[in-house]
>>> print(open('upload18.pdb').read())   # PDB, C-alpha atoms, pLDDT in the B column
ATOM      1  CA  MET D   4      27.907   6.100  25.545  1.00 44.00           C
ATOM      2  CA  THR D   5      24.091   6.289  25.662  1.00 44.00           C
ATOM      3  CA  ILE D   6      24.015   8.301  22.436  1.00 47.00           C
ATOM      4  CA  GLY D   7      26.015   5.593  20.677  1.00 44.00           C
ATOM      5  CA  LEU D   8      23.671   2.910  21.990  1.00 41.00           C
ATOM      6  CA  SER D   9      20.624   4.900  20.909  1.00 40.00           C
ATOM      7  CA  ILE D  10      21.982   5.319  17.388  1.00 41.00           C
ATOM      8  CA  ALA D  11      22.834   1.621  17.220  1.00 41.00           C
ATOM      9  CA  ALA D  12      19.347   0.689  18.429  1.00 41.00           C
ATOM     10  CA  ILE D  13      17.697   2.939  15.846  1.00 40.00           C
ATOM     11  CA  ALA D  14      19.975   1.636  13.089  1.00 43.00           C
ATOM     12  CA  GLY D  15      19.068  -1.902  14.104  1.00 45.00           C
ATOM     13  CA  LEU D  16      15.370  -1.124  13.645  1.00 40.00           C
ATOM     14  CA  LEU D  17      15.667   0.451  10.199  1.00 40.00           C
ATOM     15  CA  PRO D  18      16.042  -2.778   8.180  1.00 41.00           C
ATOM     16  CA  VAL D  19      13.003  -4.230   9.966  1.00 39.00           C
ATOM     17  CA  ALA D  20      10.882  -1.223   8.983  1.00 41.00           C
ATOM     18  CA  ALA D  21      12.064  -1.490   5.383  1.00 40.00           C
ATOM     19  CA  ALA D  22      11.310  -5.220   5.252  1.00 43.00           C
ATOM     20  CA  ALA D  23       7.772  -4.595   6.496  1.00 54.00           C
ATOM     21  CA  GLN D  24       7.067  -2.572   3.320  1.00 83.00           C
ATOM     22  CA  SER D  25       8.819  -5.006   0.972  1.00 91.00           C
ATOM     23  CA  LEU D  26       8.182  -8.375  -0.623  1.00 93.00           C
ATOM     24  CA  ALA D  27      11.155 -10.754  -0.795  1.00 92.00           C
ATOM     25  CA  CYS D  28      11.364 -12.738  -4.033  1.00 91.00           C
ATOM     26  CA  ASN D  29      14.288 -14.731  -5.411  1.00 89.00           C
ATOM     27  CA  GLY D  30      16.753 -12.970  -3.108  1.00 91.00           C
ATOM     28  CA  TYR D  31      15.540  -9.460  -3.994  1.00 94.00           C
ATOM     29  CA  LEU D  32      13.221  -7.003  -2.241  1.00 94.00           C
ATOM     30  CA  VAL D  33      10.434  -5.208  -4.087  1.00 96.00           C
ATOM     31  CA  GLY D  34       8.700  -2.434  -2.186  1.00 94.00           C
ATOM     32  CA  LYS D  35       6.849   0.831  -2.093  1.00 95.00           C
ATOM     33  CA  GLY D  36       7.438   3.020  -5.142  1.00 95.00           C
ATOM     34  CA  ALA D  37       8.482   0.189  -7.465  1.00 96.00           C
ATOM     35  CA  SER D  38       6.598  -0.418 -10.702  1.00 96.00           C
ATOM     36  CA  PRO D  39       4.315  -3.389 -11.358  1.00 96.00           C
ATOM     37  CA  ALA D  40       6.722  -4.389 -14.159  1.00 97.00           C
ATOM     38  CA  THR D  41       9.562  -4.659 -11.628  1.00 96.00           C
ATOM     39  CA  LEU D  42       7.299  -6.678  -9.343  1.00 97.00           C
ATOM     40  CA  LEU D  43       6.395  -9.084 -12.177  1.00 96.00           C
ATOM     41  CA  GLN D  44      10.013  -9.421 -13.266  1.00 96.00           C
ATOM     42  CA  THR D  45      11.213 -10.115  -9.713  1.00 96.00           C
ATOM     43  CA  CYS D  46       8.341 -12.138  -8.229  1.00 95.00           C
ATOM     44  CA  GLY D  47       6.438 -13.446 -11.236  1.00 96.00           C
ATOM     45  CA  GLU D  48       2.662 -13.615 -11.585  1.00 97.00           C
ATOM     46  CA  PRO D  49       0.594 -13.339  -8.389  1.00 97.00           C
ATOM     47  CA  ILE D  50      -1.765 -16.149  -7.420  1.00 96.00           C
ATOM     48  CA  TYR D  51      -4.641 -13.658  -7.291  1.00 96.00           C
ATOM     49  CA  ARG D  52      -5.393 -10.134  -8.532  1.00 97.00           C
ATOM     50  CA  GLN D  53      -8.361  -8.020  -7.538  1.00 97.00           C
ATOM     51  CA  ALA D  54      -9.598  -4.472  -7.953  1.00 96.00           C
ATOM     52  CA  VAL D  55     -10.363  -2.814  -4.612  1.00 95.00           C
ATOM     53  CA  CYS D  56     -11.979   0.415  -3.519  1.00 93.00           C
ATOM     54  CA  VAL D  57      -9.959   2.070  -0.758  1.00 90.00           C
ATOM     55  CA  PRO D  58     -11.866   4.768   1.145  1.00 90.00           C
ATOM     56  CA  MET D  59      -9.758   7.898   1.611  1.00 86.00           C
ATOM     57  CA  VAL D  60     -10.666  11.224   3.103  1.00 86.00           C
ATOM     58  CA  GLN D  61     -10.542  13.900   0.420  1.00 81.00           C
ATOM     59  CA  LEU D  62     -10.979  17.647   0.610  1.00 82.00           C
ATOM     60  CA  GLY D  63     -13.786  19.031  -1.512  1.00 81.00           C
ATOM     61  CA  TRP D  64     -15.436  22.386  -2.115  1.00 78.00           C
ATOM     62  CA  ILE D  65     -19.139  23.161  -2.287  1.00 78.00           C
ATOM     63  CA  LEU D  66     -20.504  26.136  -4.148  1.00 78.00           C
ATOM     64  CA  THR D  67     -24.047  26.988  -3.102  1.00 74.00           C
ATOM     65  CA  PRO D  68     -25.920  29.520  -5.226  1.00 73.00           C
ATOM     66  CA  TYR D  69     -28.266  30.404  -2.370  1.00 73.00           C
ATOM     67  CA  ARG D  70     -25.500  31.344   0.099  1.00 69.00           C
ATOM     68  CA  PRO D  71     -23.399  34.372  -0.637  1.00 71.00           C
ATOM     69  CA  GLY D  72     -19.728  34.188   0.158  1.00 72.00           C
ATOM     70  CA  SER D  73     -16.881  31.881  -0.594  1.00 74.00           C
ATOM     71  CA  PRO D  74     -17.165  28.132  -1.200  1.00 80.00           C
ATOM     72  CA  GLU D  75     -17.327  25.795   1.800  1.00 80.00           C
ATOM     73  CA  ALA D  76     -14.683  23.148   2.363  1.00 81.00           C
ATOM     74  CA  ILE D  77     -15.836  19.649   3.258  1.00 81.00           C
ATOM     75  CA  LEU D  78     -14.063  16.391   4.009  1.00 84.00           C
ATOM     76  CA  ALA D  79     -15.614  13.287   2.497  1.00 83.00           C
ATOM     77  CA  ASN D  80     -14.679   9.631   2.115  1.00 86.00           C
ATOM     78  CA  GLN D  81     -14.210   8.780  -1.535  1.00 87.00           C
ATOM     79  CA  CYS D  82     -13.469   5.496  -3.238  1.00 91.00           C
ATOM     80  CA  VAL D  83      -9.950   5.383  -4.642  1.00 90.00           C
ATOM     81  CA  PRO D  84      -9.607   2.462  -7.093  1.00 94.00           C
ATOM     82  CA  MET D  85      -6.500   0.316  -6.587  1.00 96.00           C
ATOM     83  CA  GLU D  86      -5.344  -3.209  -7.376  1.00 97.00           C
ATOM     84  CA  GLU D  87      -4.207  -5.834  -4.898  1.00 97.00           C
ATOM     85  CA  TRP D  88      -1.927  -8.670  -5.964  1.00 97.00           C
ATOM     86  CA  THR D  89      -1.548 -11.682  -3.659  1.00 96.00           C
ATOM     87  CA  TYR D  90       1.649 -13.734  -3.573  1.00 96.00           C
ATOM     88  CA  ASP D  91       2.074 -17.155  -1.950  1.00 93.00           C
ATOM     89  CA  ARG D  92       5.335 -17.127   0.015  1.00 90.00           C
ATOM     90  CA  GLY D  93       5.273 -20.855   0.687  1.00 88.00           C
ATOM     91  CA  PRO D  94       3.767 -23.361   3.127  1.00 89.00           C
ATOM     92  CA  GLY D  95       3.110 -22.051   6.645  1.00 88.00           C
ATOM     93  CA  THR D  96       3.952 -18.428   5.770  1.00 91.00           C
ATOM     94  CA  PHE D  97       1.752 -15.375   5.380  1.00 93.00           C
ATOM     95  CA  PHE D  98       0.548 -14.377   1.941  1.00 95.00           C
ATOM     96  CA  GLY D  99       2.140 -11.170   0.644  1.00 95.00           C
ATOM     97  CA  ILE D 100      -0.401  -8.578  -0.461  1.00 96.00           C
ATOM     98  CA  VAL D 101       0.847  -5.806  -2.719  1.00 97.00           C
ATOM     99  CA  ARG D 102      -1.393  -2.784  -3.298  1.00 96.00           C
ATOM    100  CA  ILE D 103      -0.846  -0.927  -6.584  1.00 97.00           C
ATOM    101  CA  TYR D 104      -2.012   2.635  -7.116  1.00 95.00           C
ATOM    102  CA  ASN D 105      -1.365   4.955 -10.034  1.00 93.00           C
ATOM    103  CA  GLY D 106       1.313   2.756 -11.609  1.00 94.00           C
ATOM    104  CA  THR D 107       3.431   2.129  -8.501  1.00 96.00           C
ATOM    105  CA  ILE D 108       3.419  -0.086  -5.436  1.00 96.00           C
ATOM    106  CA  GLU D 109       1.564   1.826  -2.734  1.00 95.00           C
ATOM    107  CA  SER D 110       2.020  -0.714   0.083  1.00 95.00           C
ATOM    108  CA  VAL D 111       3.040  -4.267   0.949  1.00 96.00           C
ATOM    109  CA  ARG D 112       1.491  -6.149   3.861  1.00 95.00           C
ATOM    110  CA  ASP D 113       0.995  -9.647   5.214  1.00 93.00           C
ATOM    111  CA  GLY D 114      -2.283 -11.415   4.547  1.00 92.00           C
ATOM    112  CA  ASP D 115      -3.635 -14.638   6.012  1.00 90.00           C
ATOM    113  CA  ARG D 116      -1.357 -17.553   6.755  1.00 86.00           C
ATOM    114  CA  GLY D 117      -1.097 -20.055   3.905  1.00 75.00           C
ATOM    115  CA  ARG D 118      -1.585 -23.786   4.355  1.00 72.00           C
TER     116      ARG D 118
END
>>> encode(input="upload18.pdb", output="structure tokens")
Amino acid sequence: MTIGLSIAAIAGLLPVAAAAQSLACNGYLVGKGASPATLLQTCGEPIYRQAVCVPMVQLGWILTPYRPGSPEAILANQCVPMEEWTYDRGPGTFFGIVRIYNGTIESVRDGDRGR
């Protein structure tokens, strides 16, 4: 009995998690992994587009001529260029912010509340 309830509880949470990474437009959901063309076709033009620099930790290697041995690994924050498109979901709702990276939707999140 408890296993069945646990599975039902988890299954009930799955659509919520999927909706958090999706933008609802015209009765359809557009989310992570979709192309910008699909986003434009489904949701239309955003109210605002901007280029952003997203800091991400990247692994790098340093070769030093004055130290014998193998290269040293370092972790460094690097700017990863992405685009953010903002959609107005209507009065009193949160703006939808879609981040695009390398030709696909990387994430969808809520922005500030609209007026």
>>> residues_around(input="upload18.pdb", residues="Glu87 (chain D)", least_positions_apart="2", cutoff="10 Å", atoms="all atoms listed in the file", output="PyMOL selection string")
chain D and resi 49+51-55+85+89-90+99-104+108-111
>>> resolve_selection(input="upload18.pdb", expression="the PyMOL selection byres ((chain D and resi 60) around 10)", output="VMD selection string")
chain D and resid 57 to 59 61 to 63 77 to 83
>>> residues_around(input="upload18.pdb", residues="Pro94 (chain D)", least_positions_apart="4", cutoff="12 Å", atoms="all atoms listed in the file", output="VMD selection string")
chain D and resid 90 98 115 to 118
>>> atom_distance(input="upload18.pdb", atom1="CA of Asp91 (chain D)", atom2="CA of Asn29 (chain D)")
12.9 Å
>>> resolve_selection(input="upload18.pdb", expression="the PyMOL selection byres ((chain D and resi 38) around 10)", output="list in words")
Val33, Gly34, Lys35, Gly36, Ala37, Pro39, Ala40, Thr41, Leu42, Leu43, Gln44, Ile103, Tyr104, Asn105, Gly106, Thr107, Ile108 and Glu109 of chain D
>>> write_last_selection(input="upload18.pdb", atoms="C-alpha atoms", output="short mmCIF file (atom, residue, chain, number, x, y, z; two decimals), keeping the file's coordinate frame")
data_model
loop_
_atom_site.label_atom_id
_atom_site.label_comp_id
_atom_site.auth_asym_id
_atom_site.auth_seq_id
_atom_site.Cartn_x
_atom_site.Cartn_y
_atom_site.Cartn_z
CA VAL D 33 10.43 -5.21 -4.09
CA GLY D 34 8.70 -2.43 -2.19
CA LYS D 35 6.85 0.83 -2.09
CA GLY D 36 7.44 3.02 -5.14
CA ALA D 37 8.48 0.19 -7.46
CA PRO D 39 4.32 -3.39 -11.36
CA ALA D 40 6.72 -4.39 -14.16
CA THR D 41 9.56 -4.66 -11.63
CA LEU D 42 7.30 -6.68 -9.34
CA LEU D 43 6.40 -9.08 -12.18
CA GLN D 44 10.01 -9.42 -13.27
CA ILE D 103 -0.85 -0.93 -6.58
CA TYR D 104 -2.01 2.64 -7.12
CA ASN D 105 -1.36 4.96 -10.03
CA GLY D 106 1.31 2.76 -11.61
CA THR D 107 3.43 2.13 -8.50
CA ILE D 108 3.42 -0.09 -5.44
CA GLU D 109 1.56 1.83 -2.73
#
>>> atom_distance(input="upload18.pdb", atom1="CA of Gly114 (chain D)", atom2="CA of Pro84 (chain D)")
19.5 Å
>>> axis_aligned_box(input="upload18.pdb", around="region 69-84 of chain D", padding_each_side="8 Å", output="JSON")
{"center_x": -18.9, "center_y": 18.4, "center_z": -1.5, "size_x": 34.7, "size_y": 47.9, "size_z": 27.1}
